[in-house]
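S.K.: Questions regarding the structure given below will be posed in turn.
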Amino acid sequence: MQALILAGGKGTRLRPLTVYTPKPVVPVVNRPFLLYQIEILRKADITDITLSLSYQPDKIEHILGGGKEFGVNLRYITEPSPMGTGGAYKFAADALRETTVVFNGDILTNLDIGKVVDFHQAKGAAATISLVPVDDPSRYGVVQIDSESRVQRFIEKPQPDELETLKINTVNAGIYVLEPSILDIIAKDANRSFEYDIFPDILKRELPFYGYEMKGEYWLDIGTPASYLKAHHDFLSGSVSGFEVERGAGSDVATRAEIDKSSVIGEGCSIKPGVRIINSVIGAGVHIEEKALIENSVIWAHSRISSSAEIRNAIVGRSCHIGRNVIVGEGSVLGDKTALTDYTKV
């Protein structure tokens with residue numbers, strides 16, 4: 001069995017954070033994002049993993065390497081042109097002809113992949129789609145299954161009255177288990193979407209197609225700055241189980257600096273007296289000067305926060321310079337190498 005991670009997007013929704021850093025390797029609690037997906041695949045004994053890339057592929061391969069240090073074997077392919085999720089699956093997997101776990105590259109989850117595979121095999125499915133309950137399914141396309149978990153239909157962005165009648169709140173979680181027979185219904189070298197092309201075709205052909213319902217597992221699409229920041233808050237609050245949060249070593253922290261227990265400090269940081277850090281993640285090599293305040297925020301590596309600056313509910317990219325007495329307010333997202341002069345408010 002193998003896995004395919006669809007990581008070819010440009011991360012447009014997550015800009016400016018993805019201008020220089022490809023979305024698959026943006027840091028989540030100081031760890032390249034894709035390592036969380038790789039870890040749950042490895043826990044399910046799936047170690048043959050292909051990454052389907054398009055945007056800045058060399059940077060991703062440089063950071064993740066061959067996968068040996070993560071206990072897996074990573075293979076990289078680059079789409080010759082945009083092929084859609086289904087087209088990328090065909091391009092990556094056609095020569096291998098194995099059962100494949102397919103992962104959308106935006107999804108942070110602690111789902112037990114082994115249970116999904118067991119469900120898929122027990123049902124004798126050609127395709128299994130993981131489903132997750134959400135509070136507001138009208139933002140998505142809901143998936144209706146019958147009492148045997150067989151997929152019945154997809155309903156794109158249903159109206160509230162329709163949802164009340166259907167009583168469905170499960171949406172596509174972006175994780176699939178597919179048999180090689182699915183490859184045969186996808187045109188070669190064509191742009192095809194799972195959601196709009198492949199899944200409707202599976203239903204039309206009446207192939208065994210099942211939905212695995214997630215119950216209690218964590219799931220989040222980190223594709224926007226707001227959800228990216230939420231992922232960090234969820235880690236710090238303990239809402240994301242199953243992963244070990246790495247806390248850096250070798251930082252120089254003044255005795256009169258205040259850092260709460262939930263915050264995570266990367267390695268090699270310098271934190272001066274009077275600094276207060278509350279419920280935040282600080283990347284490696286960050287320098288924070290006297291009396292600065294960082295609250296509910298994420299600071300990427302090698303940024304410098306000057307004295308008496310205040311950063312709340314914000315994201316600061318790599319190698320930024322925040323001047324003295326600067327105020328960075330809620331919802332602010334600063335791209336790499338941003339420089340804010342003294343007393344600026346954003």
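In the structure tokens, each chain is lettered A, B, ... as it comes, each chain's residues begin at 1, and ligands are numbered from 1 in order of appearance.
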Report the closest atom pair, with its distance in Å rounded to one decimal, for each residue of region 199-255 of chain A that has an atom no farther than 8 Å from region 274-283 of chain A; count only C-alpha atoms, sort by chain and then rising residue number, and write it as CSV.
M.R.:
```
residue,atom,partner,partner_atom,distance
A:His232,CA,A:Val281,CA,7.5
A:His233,CA,A:Asn279,CA,7.4
A:Leu236,CA,A:Asn279,CA,6.8
```
S.K.: Report the residues of region 13-122 of chain A whose backbone DSSP state falls under strand (DSSP E), written as a PyMOL selection string.
M.R.: chain A and resi 48-53+73-78+100-104+107-109
S.K.: Write the residues of the selection above to a file with C-alpha atoms, as a compact mmCIF listing (two decimals), in the first residue's frame.
M.R.:
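As written to disk, result.txt reads:
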```
# COMPACT_ATOMS: atom_id res chain seq x y z
CA ASP A 48 5.88 4.54 0.68
CA ILE A 49 4.71 8.13 0.19
CA THR A 50 4.62 10.21 -2.97
CA LEU A 51 4.36 13.98 -2.87
CA SER A 52 2.66 15.52 -5.90
CA LEU A 53 4.12 19.02 -6.24
CA ASN A 73 10.44 6.72 1.87
CA LEU A 74 9.49 9.93 0.06
CA ARG A 75 9.17 10.17 -3.71
CA TYR A 76 8.59 13.48 -5.48
CA ILE A 77 6.78 14.16 -8.72
CA THR A 78 6.11 17.54 -10.29
CA THR A 100 -3.50 4.23 -2.36
CA VAL A 101 -4.32 6.57 0.50
CA VAL A 102 -4.77 10.04 -0.98
CA PHE A 103 -4.37 13.10 1.23
CA ASN A 104 -5.25 16.69 0.35
CA ILE A 107 -5.54 18.98 6.06
CA LEU A 108 -4.31 18.82 9.65
CA THR A 109 -5.78 15.79 11.41
```
S.K.: Could you pull the residues within 12 Å of Glu195 (chain A), counting only C-alpha atoms, minus those fewer than 4 positions along the same chain, as a ChimeraX atom specification?
M.R.: /A:84-87,104,129,140-143,153-156,171-176,199-203
S.K.: Find the spatial neighbours of region 287-290 of chain A, counting only C-alpha atoms, within a cut-off of 6 Å - ignore same-chain residues fewer than 5 positions away - and output them as a list in words.
M.R.: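 Neighbouring residues, sequence-local ones excluded: Cys269, Ser270, Ile271, Lys272, Pro273, Gly274, Val275, Arg304, Ile305, Ser306 and Ser307 of chain A.
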S.K.: Would you pick out the contacts of region 15-32 of chain A at 6 Å or less, using only C-alpha atoms, so that residues sharing its chain but fewer than 3 positions from it are not included, and give the list as a list of chain:residue names?
M.R.: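 Result of the neighbour search: A:Gly11, A:Thr12, A:Leu35, A:Gly283, A:Gly335.
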S.K.: Using C-alpha atoms, can you export the residues from the last selection as a PDB file, in the first residue's frame?
M.R.:
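Writing the result to result_12.pdb gives the following:
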```pdb
ATOM      1  CA  GLY A  11      -1.196  28.419  -1.170  1.00  0.00           C
ATOM      2  CA  THR A  12      -2.881  31.550  -2.507  1.00  0.00           C
ATOM      3  CA  LEU A  35       5.338  16.106   8.704  1.00  0.00           C
ATOM      4  CA  GLY A 283      10.241  30.184  15.982  1.00  0.00           C
ATOM      5  CA  GLY A 335       5.029  38.255   5.230  1.00  0.00           C
TER       6      GLY A 335
END
```
